[in-house]
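Chemist: Just work_18.txt, nothing more (compact mmCIF, C-alpha atoms):
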# COMPACT_ATOMS: atom_id res chain seq x y z
CA MET A 1 0.00 0.00 0.00
CA LEU A 2 2.84 2.37 0.91
CA ALA A 3 4.74 1.44 -2.26
CA THR A 4 1.64 2.25 -4.33
CA ALA A 5 1.18 5.55 -2.52
CA ILE A 6 4.79 6.56 -3.22
CA ILE A 7 4.61 5.73 -6.93
CA VAL A 8 1.39 7.66 -7.46
CA PHE A 9 2.71 10.53 -5.30
CA ARG A 10 5.80 10.82 -7.49
CA GLU A 11 3.74 10.93 -10.70
CA VAL A 12 1.19 13.42 -9.36
CA LEU A 13 3.77 15.68 -7.68
CA GLU A 14 5.27 17.12 -10.85
CA ALA A 15 1.96 18.05 -12.48
CA SER A 16 0.67 19.34 -9.15
CA LEU A 17 3.68 21.65 -8.63
CA ILE A 18 3.40 22.98 -12.20
CA ILE A 19 -0.28 23.80 -11.67
CA GLY A 20 0.48 25.36 -8.26
CA ILE A 21 3.21 27.61 -9.66
CA LEU A 22 1.14 28.67 -12.71
CA ALA A 23 -1.97 29.30 -10.59
CA ALA A 24 0.09 31.61 -8.38
CA ALA A 25 1.96 33.25 -11.27
CA THR A 26 -1.29 34.15 -13.06
CA ARG A 27 -3.35 35.05 -10.01
CA SER A 28 -4.22 38.49 -11.39
CA VAL A 29 -4.78 37.35 -15.00
CA PRO A 30 -8.55 37.37 -15.52
CA ASN A 31 -10.15 33.90 -15.73
CA SER A 32 -6.80 32.13 -15.38
CA LYS A 33 -8.19 29.59 -12.87
CA ARG A 34 -10.91 28.58 -15.30
CA TRP A 35 -8.32 27.94 -18.03
CA LEU A 36 -6.11 25.98 -15.62
CA GLY A 37 -9.13 23.85 -14.69
CA ALA A 38 -9.95 23.23 -18.35
CA GLY A 39 -6.31 22.21 -18.94
CA LEU A 40 -6.51 19.79 -16.01
CA LEU A 41 -9.68 18.15 -17.39
CA ALA A 42 -8.26 17.95 -20.92
CA GLY A 43 -5.06 16.42 -19.53
CA LEU A 44 -6.99 13.78 -17.54
CA ALA A 45 -9.02 12.80 -20.60
CA GLY A 46 -5.85 12.73 -22.71
CA SER A 47 -3.95 10.58 -20.23
CA ALA A 48 -6.59 7.86 -20.48
CA VAL A 49 -6.22 7.91 -24.28
CA VAL A 50 -2.40 7.84 -24.07
CA ALA A 51 -2.48 5.01 -21.51
CA ALA A 52 -4.75 2.97 -23.77
CA SER A 53 -2.46 3.56 -26.77
CA THR A 54 0.83 2.80 -24.94
CA ASP A 55 1.57 -0.24 -27.06
CA PHE A 56 0.74 1.59 -30.28
CA ILE A 57 2.83 4.68 -29.40
CA GLY A 58 5.70 2.49 -28.24
CA SER A 59 5.77 0.48 -31.45
CA LEU A 60 6.07 3.59 -33.65
CA ALA A 61 9.46 4.57 -35.14
CA SER A 62 10.87 1.05 -34.60
CA GLY A 63 10.33 0.96 -30.86
CA ILE A 64 11.27 4.50 -29.86
CA GLY A 65 7.82 6.07 -30.32
CA GLN A 66 7.38 6.57 -26.58
CA GLU A 67 10.60 8.60 -26.33
CA ILE A 68 9.67 10.74 -29.34
CA PHE A 69 6.19 11.29 -27.90
CA ASN A 70 7.54 12.28 -24.47
CA ALA A 71 10.22 14.55 -25.94
CA THR A 72 7.64 16.25 -28.18
CA VAL A 73 5.22 16.80 -25.29
CA LEU A 74 8.05 18.22 -23.19
CA GLY A 75 9.31 20.37 -26.07
CA VAL A 76 5.87 21.93 -26.63
CA ALA A 77 5.54 22.52 -22.88
CA VAL A 78 8.94 24.28 -22.83
CA LEU A 79 7.87 26.57 -25.70
CA MET A 80 4.57 27.37 -23.97
CA LEU A 81 6.30 28.06 -20.64
CA ALA A 82 8.77 30.32 -22.48
CA TRP A 83 5.92 32.20 -24.15
CA HIS A 84 4.08 32.44 -20.82
CA ASN A 85 7.11 33.76 -18.97
CA ILE A 86 8.02 36.30 -21.63
CA TRP A 87 4.39 37.46 -21.76
CA MET A 88 4.32 37.78 -17.98
CA SER A 89 7.51 39.82 -17.90
CA SER A 90 6.08 42.31 -20.40
CA HIS A 91 2.78 42.57 -18.50
CA GLY A 92 3.94 41.77 -14.97
CA ALA A 93 4.32 45.38 -13.92
CA ALA A 94 0.84 46.25 -15.18
CA LEU A 95 -0.64 43.14 -13.57
CA ALA A 96 0.91 44.04 -10.26
CA LYS A 97 -0.62 47.55 -10.35
CA SER A 98 -4.08 46.70 -11.53
CA ALA A 99 -5.80 43.65 -12.90
CA LYS A 100 -8.44 45.84 -14.56
CA SER A 101 -6.30 47.50 -17.19
CA VAL A 102 -5.05 44.16 -18.42
CA GLY A 103 -8.52 42.68 -18.24
CA ARG A 104 -9.56 45.11 -20.96
CA ASN A 105 -6.93 43.74 -23.29
CA ILE A 106 -8.96 40.62 -23.94
CA SER A 107 -7.24 39.24 -27.03
CA ASP A 108 -3.84 39.35 -25.36
CA GLY A 109 -5.18 37.71 -22.19
CA THR A 110 -6.94 34.95 -24.11
CA SER A 111 -3.86 33.81 -25.98
CA GLU A 112 -1.93 33.80 -22.72
CA CYS A 113 -4.64 31.72 -21.08
CA SER A 114 -4.71 29.21 -23.91
CA ALA A 115 -0.98 28.72 -23.33
CA LEU A 116 -1.86 27.91 -19.69
CA LEU A 117 -4.38 25.33 -20.86
CA VAL A 118 -1.81 23.64 -23.09
CA ILE A 119 0.94 23.59 -20.40
CA VAL A 120 -1.32 22.12 -17.72
CA GLY A 121 -2.93 19.72 -20.18
CA LEU A 122 0.45 18.36 -21.29
CA ALA A 123 1.83 18.09 -17.74
CA VAL A 124 -1.23 16.12 -16.60
CA LEU A 125 -1.23 14.05 -19.79
CA ARG A 126 2.37 12.89 -19.36
CA GLU A 127 2.33 12.11 -15.66
CA GLY A 128 -1.31 11.02 -15.65
CA SER A 129 -0.98 8.38 -18.35
CA GLU A 130 1.63 6.51 -16.28
CA THR A 131 -0.57 6.70 -13.20
CA VAL A 132 -3.55 5.40 -15.18
CA LEU A 133 -1.47 2.46 -16.48
CA PHE A 134 -0.14 1.66 -13.04
CA LEU A 135 -3.55 1.72 -11.37
CA TYR A 136 -5.07 -0.22 -14.27
CA GLY A 137 -2.39 -2.90 -13.79
CA ILE A 138 -3.34 -3.21 -10.12
CA ALA A 139 -7.05 -3.35 -10.81
CA ALA A 140 -6.57 -5.91 -13.61
CA SER A 141 -4.32 -8.27 -11.64
CA ASN A 142 -5.88 -10.94 -9.45
CA GLU A 143 -3.23 -11.30 -6.81
CA GLY A 144 -5.35 -9.96 -3.98
CA GLY A 145 -4.91 -6.84 -1.87
CA GLN A 146 -6.08 -4.62 -4.72
CA SER A 147 -8.35 -2.46 -2.60
CA ALA A 148 -5.52 -1.67 -0.17
CA MET A 149 -3.24 -0.82 -3.08
CA LEU A 150 -5.83 1.36 -4.80
CA LEU A 151 -6.41 3.09 -1.45
CA GLY A 152 -2.66 3.68 -1.29
CA GLY A 153 -2.84 5.17 -4.78
CA LEU A 154 -5.59 7.50 -3.63
CA PHE A 155 -3.49 8.62 -0.63
CA GLY A 156 -0.50 9.21 -2.89
CA MET A 157 -2.62 11.28 -5.23
CA LEU A 158 -4.05 13.39 -2.40
CA ALA A 159 -0.56 13.90 -0.93
CA GLY A 160 0.74 15.03 -4.33
CA ILE A 161 -2.13 17.48 -4.76
CA ALA A 162 -1.60 18.75 -1.20
CA VAL A 163 2.08 19.55 -1.84
CA GLY A 164 1.14 21.47 -5.00
CA TYR A 165 -1.51 23.39 -3.08
CA LEU A 166 0.87 24.19 -0.20
CA PHE A 167 3.39 25.48 -2.73
CA TYR A 168 0.67 27.66 -4.28
CA ALA A 169 -0.47 28.97 -0.90
CA GLY A 170 3.14 29.67 0.08
CA LEU A 171 3.80 31.60 -3.13
CA LEU A 172 0.75 33.80 -2.53
CA ARG A 173 2.36 34.96 0.74
CA VAL A 174 5.42 36.27 -1.11
CA PRO A 175 5.31 40.09 -0.93
CA MET A 176 4.07 41.72 -4.15
CA ARG A 177 7.43 43.44 -4.60
CA TRP A 178 9.18 40.11 -5.21
CA PHE A 179 6.19 38.11 -6.37
CA PHE A 180 6.52 38.27 -10.16
CA ALA A 181 10.30 37.95 -10.02
CA SER A 182 9.94 34.77 -7.91
CA THR A 183 7.24 33.12 -10.00
CA GLY A 184 9.10 34.12 -13.18
CA MET A 185 12.25 32.45 -11.85
CA LEU A 186 10.30 29.29 -10.90
CA VAL A 187 8.70 29.03 -14.34
CA LEU A 188 12.10 29.61 -15.97
CA LEU A 189 13.65 26.72 -13.99
CA LEU A 190 10.62 24.48 -14.69
CA ALA A 191 11.08 25.06 -18.42
CA ALA A 192 14.83 24.40 -18.29
CA GLY A 193 14.23 21.18 -16.34
CA MET A 194 11.73 20.01 -18.95
CA ALA A 195 14.20 20.77 -21.75
CA SER A 196 16.74 18.57 -19.96
CA GLN A 197 14.14 15.78 -19.63
CA ALA A 198 13.36 16.04 -23.34
CA ALA A 199 17.08 15.56 -24.09
CA HIS A 200 17.08 12.58 -21.72
CA PHE A 201 14.38 10.84 -23.79
CA LEU A 202 16.13 11.61 -27.09
CA ILE A 203 19.37 10.09 -25.71
CA GLN A 204 17.45 7.00 -24.53
CA ALA A 205 16.11 6.67 -28.09
CA ASP A 206 19.65 7.09 -29.49
CA LEU A 207 18.57 10.16 -31.47
CA LEU A 208 21.06 12.39 -29.64
CA PRO A 209 24.57 11.64 -28.35
CA SER A 210 24.84 11.74 -24.56
CA LEU A 211 28.16 13.67 -24.74
CA ALA A 212 29.13 12.54 -21.25
CA ALA A 213 27.12 9.96 -19.35
CA PRO A 214 26.96 10.75 -16.57
CA LEU A 215 28.50 14.21 -16.37
CA TRP A 216 28.40 13.94 -12.58
CA ASP A 217 27.00 11.55 -9.99
CA THR A 218 25.42 13.05 -6.88
CA SER A 219 23.15 10.08 -6.21
CA ALA A 220 25.00 9.32 -2.95
CA ILE A 221 24.40 12.83 -1.57
CA LEU A 222 21.00 13.71 -3.03
CA PRO A 223 19.22 10.67 -4.52
CA GLU A 224 16.19 11.29 -6.73
CA SER A 225 14.35 8.53 -4.87
CA GLY A 226 14.24 10.65 -1.68
CA LEU A 227 11.74 13.45 -1.11
CA PRO A 228 14.23 16.39 -1.44
CA GLY A 229 15.62 14.93 -4.68
CA MET A 230 12.10 14.27 -5.96
CA LEU A 231 11.01 17.86 -5.22
CA LEU A 232 14.14 19.32 -6.82
CA HIS A 233 13.65 17.08 -9.85
CA SER A 234 10.10 18.40 -10.32
CA LEU A 235 10.97 22.04 -9.58
CA ILE A 236 14.35 22.69 -11.20
CA GLY A 237 14.92 19.50 -13.22
CA TYR A 238 17.51 18.07 -10.81
CA ASP A 239 19.10 14.88 -12.11
CA SER A 240 21.60 12.95 -9.98
CA ARG A 241 23.33 11.44 -13.05
CA PRO A 242 22.73 13.76 -16.00
CA ALA A 243 24.15 13.28 -19.46
CA GLY A 244 26.21 16.16 -20.84
CA MET A 245 23.58 16.77 -23.54
CA GLN A 246 20.92 17.31 -20.86
CA ILE A 247 22.99 20.16 -19.41
CA VAL A 248 23.39 21.66 -22.90
CA PHE A 249 19.58 21.65 -23.31
CA TYR A 250 19.07 22.96 -19.77
CA LEU A 251 21.42 25.93 -20.18
CA THR A 252 20.20 26.72 -23.70
CA ALA A 253 16.57 26.92 -22.53
CA LEU A 254 17.59 28.93 -19.46
CA VAL A 255 19.58 31.52 -21.41
CA ALA A 256 17.11 31.77 -24.32
CA ILE A 257 14.03 32.33 -22.11
CA TRP A 258 15.87 34.68 -19.75
CA THR A 259 17.08 36.76 -22.70
CA GLY A 260 13.51 36.91 -24.05
CA MET A 261 12.21 38.06 -20.66
CA LYS A 262 14.83 40.80 -20.36
CA TRP A 263 14.28 41.90 -23.94
CA VAL A 264 10.53 42.49 -23.64
CA ALA A 265 10.92 44.12 -20.23
CA ARG A 266 13.66 46.51 -21.42
CA PRO A 267 12.99 50.19 -20.69
CA ARG A 268 11.42 51.79 -23.76
CA PRO A 269 12.28 55.35 -24.86
CA SER A 270 8.59 56.42 -24.77
CA ALA A 271 8.19 55.12 -21.23
CA ALA A 272 11.37 56.87 -20.13
CA GLN A 273 10.10 60.25 -21.37
CA GLN A 274 6.96 60.17 -19.25
CA MET B 1 44.84 8.63 -46.55
CA LYS B 2 43.25 11.62 -44.87
CA ARG B 3 39.82 10.50 -46.03
CA LEU B 4 40.43 6.94 -44.82
CA LEU B 5 41.43 8.28 -41.43
CA SER B 6 38.31 10.42 -41.11
CA ILE B 7 36.11 7.48 -42.07
CA ALA B 8 37.84 5.33 -39.46
CA LEU B 9 37.26 8.05 -36.85
CA LEU B 10 33.57 8.32 -37.72
CA LEU B 11 32.93 4.57 -37.71
CA PRO B 12 32.23 4.26 -33.98
CA LEU B 13 29.43 6.84 -34.37
CA VAL B 14 27.56 4.94 -37.05
CA ALA B 15 28.37 1.46 -35.76
CA HIS B 16 25.27 -0.55 -34.98
CA ALA B 17 24.67 -1.03 -31.24
CA ALA B 18 24.83 -4.66 -30.08
CA ASP B 19 21.46 -6.24 -29.23
CA TYR B 20 20.50 -7.68 -25.86
CA MET B 21 17.20 -9.11 -24.68
CA LEU B 22 15.29 -9.09 -21.42
CA ALA B 23 11.90 -10.60 -20.72
CA ILE B 24 9.36 -9.90 -17.99
CA ARG B 25 7.28 -12.81 -16.72
CA ASP B 26 5.22 -13.01 -13.53
CA HIS B 27 6.60 -9.55 -12.66
CA ARG B 28 10.21 -10.80 -12.72
CA PHE B 29 13.04 -10.04 -15.12
CA LEU B 30 14.52 -12.91 -17.14
CA PRO B 31 17.45 -13.00 -16.79
CA ALA B 32 17.65 -11.02 -13.53
CA GLU B 33 21.26 -10.13 -14.30
CA LEU B 34 22.42 -9.26 -17.77
CA ALA B 35 26.11 -8.95 -18.63
CA ILE B 36 27.03 -6.44 -21.34
CA PRO B 37 30.40 -5.09 -22.48
CA SER B 38 31.45 -1.81 -20.90
CA GLY B 39 32.40 1.23 -22.95
CA THR B 40 29.97 0.58 -25.78
CA LYS B 41 26.39 1.46 -26.58
CA VAL B 42 23.89 -1.39 -26.38
CA ARG B 43 20.34 -1.78 -27.64
CA LEU B 44 18.19 -3.48 -25.04
CA THR B 45 14.89 -5.04 -26.09
CA ILE B 46 12.47 -5.81 -23.29
CA GLU B 47 9.57 -8.15 -23.92
CA ASN B 48 6.71 -8.01 -21.43
CA ARG B 49 5.04 -11.45 -21.33
CA ASP B 50 2.63 -10.38 -18.57
CA ASP B 51 -0.82 -9.00 -19.27
CA THR B 52 -0.18 -5.97 -17.05
CA PRO B 53 1.94 -2.94 -17.96
CA GLU B 54 5.37 -2.43 -16.40
CA GLU B 55 7.76 0.51 -16.14
CA PHE B 56 11.43 -0.26 -16.62
CA ASP B 57 13.13 2.20 -14.29
CA SER B 58 16.76 2.67 -13.34
CA TYR B 59 18.27 5.66 -11.58
CA SER B 60 21.79 4.33 -12.12
CA LEU B 61 21.28 3.91 -15.86
CA ASN B 62 19.18 7.11 -16.01
CA ARG B 63 16.49 5.29 -17.98
CA GLU B 64 12.72 4.92 -17.68
CA LYS B 65 10.21 3.41 -20.05
CA VAL B 66 6.67 2.12 -19.83
CA ILE B 67 6.04 -1.25 -21.47
CA ALA B 68 2.46 -2.21 -22.22
CA GLY B 69 1.12 -5.62 -21.22
CA ARG B 70 2.22 -8.15 -23.88
CA GLY B 71 4.29 -5.33 -25.42
CA THR B 72 7.91 -4.86 -26.40
CA ALA B 73 10.16 -1.87 -25.76
CA THR B 74 13.56 -0.74 -27.05
CA ILE B 75 16.04 1.23 -24.92
CA PHE B 76 19.56 2.35 -25.73
CA ILE B 77 22.01 2.24 -22.80
CA GLY B 78 25.66 3.03 -22.36
CA PRO B 79 28.50 3.39 -23.03
CA LEU B 80 28.87 2.36 -19.37
CA ALA B 81 31.85 2.23 -17.04
CA PRO B 82 32.40 -1.29 -15.63
CA GLY B 83 30.07 -1.92 -12.72
CA ARG B 84 26.65 -3.07 -11.53
CA TYR B 85 23.61 -1.01 -12.57
CA PRO B 86 20.41 -2.07 -10.80
CA PHE B 87 17.00 -1.61 -12.42
CA ILE B 88 13.45 -2.27 -11.28
CA GLY B 89 10.00 -2.76 -12.71
CA GLU B 90 8.47 0.21 -10.92
CA PHE B 91 4.92 -1.13 -11.06
CA HIS B 92 5.92 -4.38 -9.28
CA GLU B 93 9.01 -3.37 -7.36
CA ALA B 94 8.74 -6.20 -4.80
CA THR B 95 9.59 -8.86 -7.38
CA ALA B 96 10.74 -7.05 -10.53
CA GLN B 97 14.41 -6.42 -9.69
CA GLY B 98 17.45 -6.86 -11.85
CA ALA B 99 20.82 -5.46 -12.82
CA ILE B 100 23.00 -4.77 -15.82
CA ILE B 101 26.57 -5.90 -15.26
CA ALA B 102 28.96 -3.94 -17.45
CA GLN B 103 32.30 -5.70 -17.72
In structure tokens, what does this structure look like?
Modeler:
Amino acid sequence: MLATAIIVFREVLEASLIIGILAAATRSVPNSKRWLGAGLLAGLAGSAVVAASTDFIGSLASGIGQEIFNATVLGVAVLMLAWHNIWMSSHGAALAKSAKSVGRNISDGTSECSALLVIVGLAVLREGSETVLFLYGIAASNEGGQSAMLLGGLFGMLAGIAVGYLFYAGLLRVPMRWFFASTGMLVLLLAAGMASQAAHFLIQADLLPSLAAPLWDTSAILPESGLPGMLLHSLIGYDSRPAGMQIVFYLTALVAIWTGMKWVARPRPSAAQQ
Amino acid sequence: MKRLLSIALLLPLVAHAADYMLAIRDHRFLPAELAIPSGTKVRLTIENRDDTPEEFDSYSLNREKVIAGRGTATIFIGPLAPGRYPFIGEFHEATAQGAIIAQ
């Protein structure tokens, strides 16, 4: 039962933290919660479809379909997070002052919110499909003790959701002065971590060279199986034995998104004259 | 001569990875320990003979892959330094335990 709880917790944690961070980051974007909710529902529906097509997806591209699928999902999520973060840094100041003025700019807000839907949908889709498969395997087996295991799964799920919620609630207590800088930094690190995970899948599929495997090994100090390692993995893409190529992807995403954020937030001549 | 040398240098990149097989039956890996050569990339094919899905998971190999019930999966591993690299079937961790021995 405990083993089941831990597995489900690990799968739910990542999606839950992503939703928590985005819910906090967009707290003054009109209707953002509704879009996040829609993304969650779409992701849940999608994860059932992906779970049911595991064998089909896996058999594509001579056995590496699953890696290509995961890397694509992660790649799209990175692009959406980049777009979200750059959008936030150009509107963050206005959002902090007044939600109303931005609320009027409906077309801008809608495209931002659809990015939220896609990010949350993809995060839930990826982690959710594995949870669905795992729980399906338990329910389908006839080895006894299923109800205890499914109960464990439920506990793991609730614990994962609780950590995401606590993270959200904690972020809302960050003073407004630092709020957008902190959520922007968190989203930036989330995106870089996902880029590194995408590289990880492409290496596993032999589509990319690993460069150095592993580049370092910190599994003795901070294992990913423990709670701190698990949290850091979900939040900043921590990997105890990363391949060199993962670090290349990580740093590229980090620098590219950060540059985009700085570029749109640069002081404009017209603003300086006022 | 120069061209020959450059071809010889590129060969390891295009060389086909050696094939190794693992099976899963009754939530156990067969064989539980698989010896592979160190320092070279290997293509590992895992055949799941159970009806239930399994997730091949190894922190030491930095690999994870879901395998559908009655499905087959391909994973590339290595080049590895000599040593023992444990892996588990995450969905049935109590019994599904194994290791790659790179030698």
Chemist: Determine, for each residue of chain B having at least one atom at most 7 Å from an atom of chain A, the closest pair of atoms and their separation in Å to one decimal, counting only C-alpha atoms; order by chain and ascending number, as a Markdown table.
Modeler:
| residue | atom | partner | partner_atom | distance |
| --- | --- | --- | --- | --- |
| B:Thr52 | CA | A:Gly137 | CA | 5.0 |
| B:Pro53 | CA | A:Gly137 | CA | 6.0 |
| B:Asn62 | CA | A:Arg241 | CA | 6.7 |
| B:Arg63 | CA | A:Gln204 | CA | 6.8 |
| B:Ala68 | CA | A:Asp55 | CA | 5.3 |
| B:Gly71 | CA | A:Asp55 | CA | 6.0 |
| B:Ala73 | CA | A:Gly63 | CA | 5.8 |
| B:Thr74 | CA | A:Gly63 | CA | 5.3 |
| B:Ile75 | CA | A:Gln204 | CA | 6.0 |
| B:Phe76 | CA | A:Gln204 | CA | 5.2 |
| B:Ile77 | CA | A:Gln204 | CA | 6.8 |
| B:Phe91 | CA | A:Phe134 | CA | 6.1 |
Chemist: Set up a box along x, y and z of the file covering all listed atoms of segment 22-29 of chain A, add 3 Å on every one of the six sides, and write the centre and edge lengths in Å to one decimal, as JSON.
Modeler:
{"center_x": -1.4, "center_y": 33.6, "center_z": -11.7, "size_x": 12.7, "size_y": 15.8, "size_z": 12.6}
Chemist: For Met157 of chain A, which residue among A:Val255, A:Leu171, A:Ala265, A:Val132 is the nearest when counting all atoms listed in the file?
Modeler: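 Of all the options, A:Val132 lies closest to Met157 of chain A.
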Chemist: Rounded to one decimal in Å, what is the spacing between atom CA of Val8 of chain A and atom CA of Gly69 of chain B?
Modeler: 19.1 Å
Chemist: Residues near Pro31 of chain B, anyone? I mean within 10 Å using all atoms listed in the file, not counting same-chain ones fewer than 2 positions away, as a ChimeraX atom specification.
Modeler: /B:21-24,28-29,33-35,98-100
Chemist: In Å, with one decimal, what is the gap from atom CA of Gly121 of chain A to atom CA of Leu22 of chain A?
Modeler: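 The value is 12.3 Å.
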Chemist: Quick check, in Å to one decimal: how far apart do atom CA of Ser89 of chain A and atom CA of Val264 of chain A lie?
Modeler: 7.0 Å
Chemist: Do you know which residues are at most 6 Å from segment 164-167 of chain A counting only C-alpha atoms, after dropping those on the same chain fewer than 2 positions away, and could you put them as a VMD selection string?
Modeler: chain A and resid 16 to 17 20 161 to 162 169 to 170
Chemist: For the point (6.2, -4.5, -9.6) in file coordinates, what residues are within 8 Å, counting all atoms listed in the file? Give the answer as a list in words?
Modeler: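 Residues with an atom close enough to that point: His27, Glu54, Ile88, Gly89, Glu90, Phe91, His92, Glu93, Ala94, Thr95 and Ala96 of chain B.
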Chemist: For a quick check of understanding, using all atoms listed in the file, which of A:Ser147, A:Thr183, A:Thr72, A:Ser111 has the smallest distance to Ala25 of chain A?
Modeler: A:Thr183
Chemist: List every protein, DNA or RNA residue with an atom no more than 7 Å from (16.2, 1.8, -15.0) in the file's coordinates, counting all atoms listed in the file, and format the result as an NGL selection string.
Modeler: :B and (56-64 or 87-88)
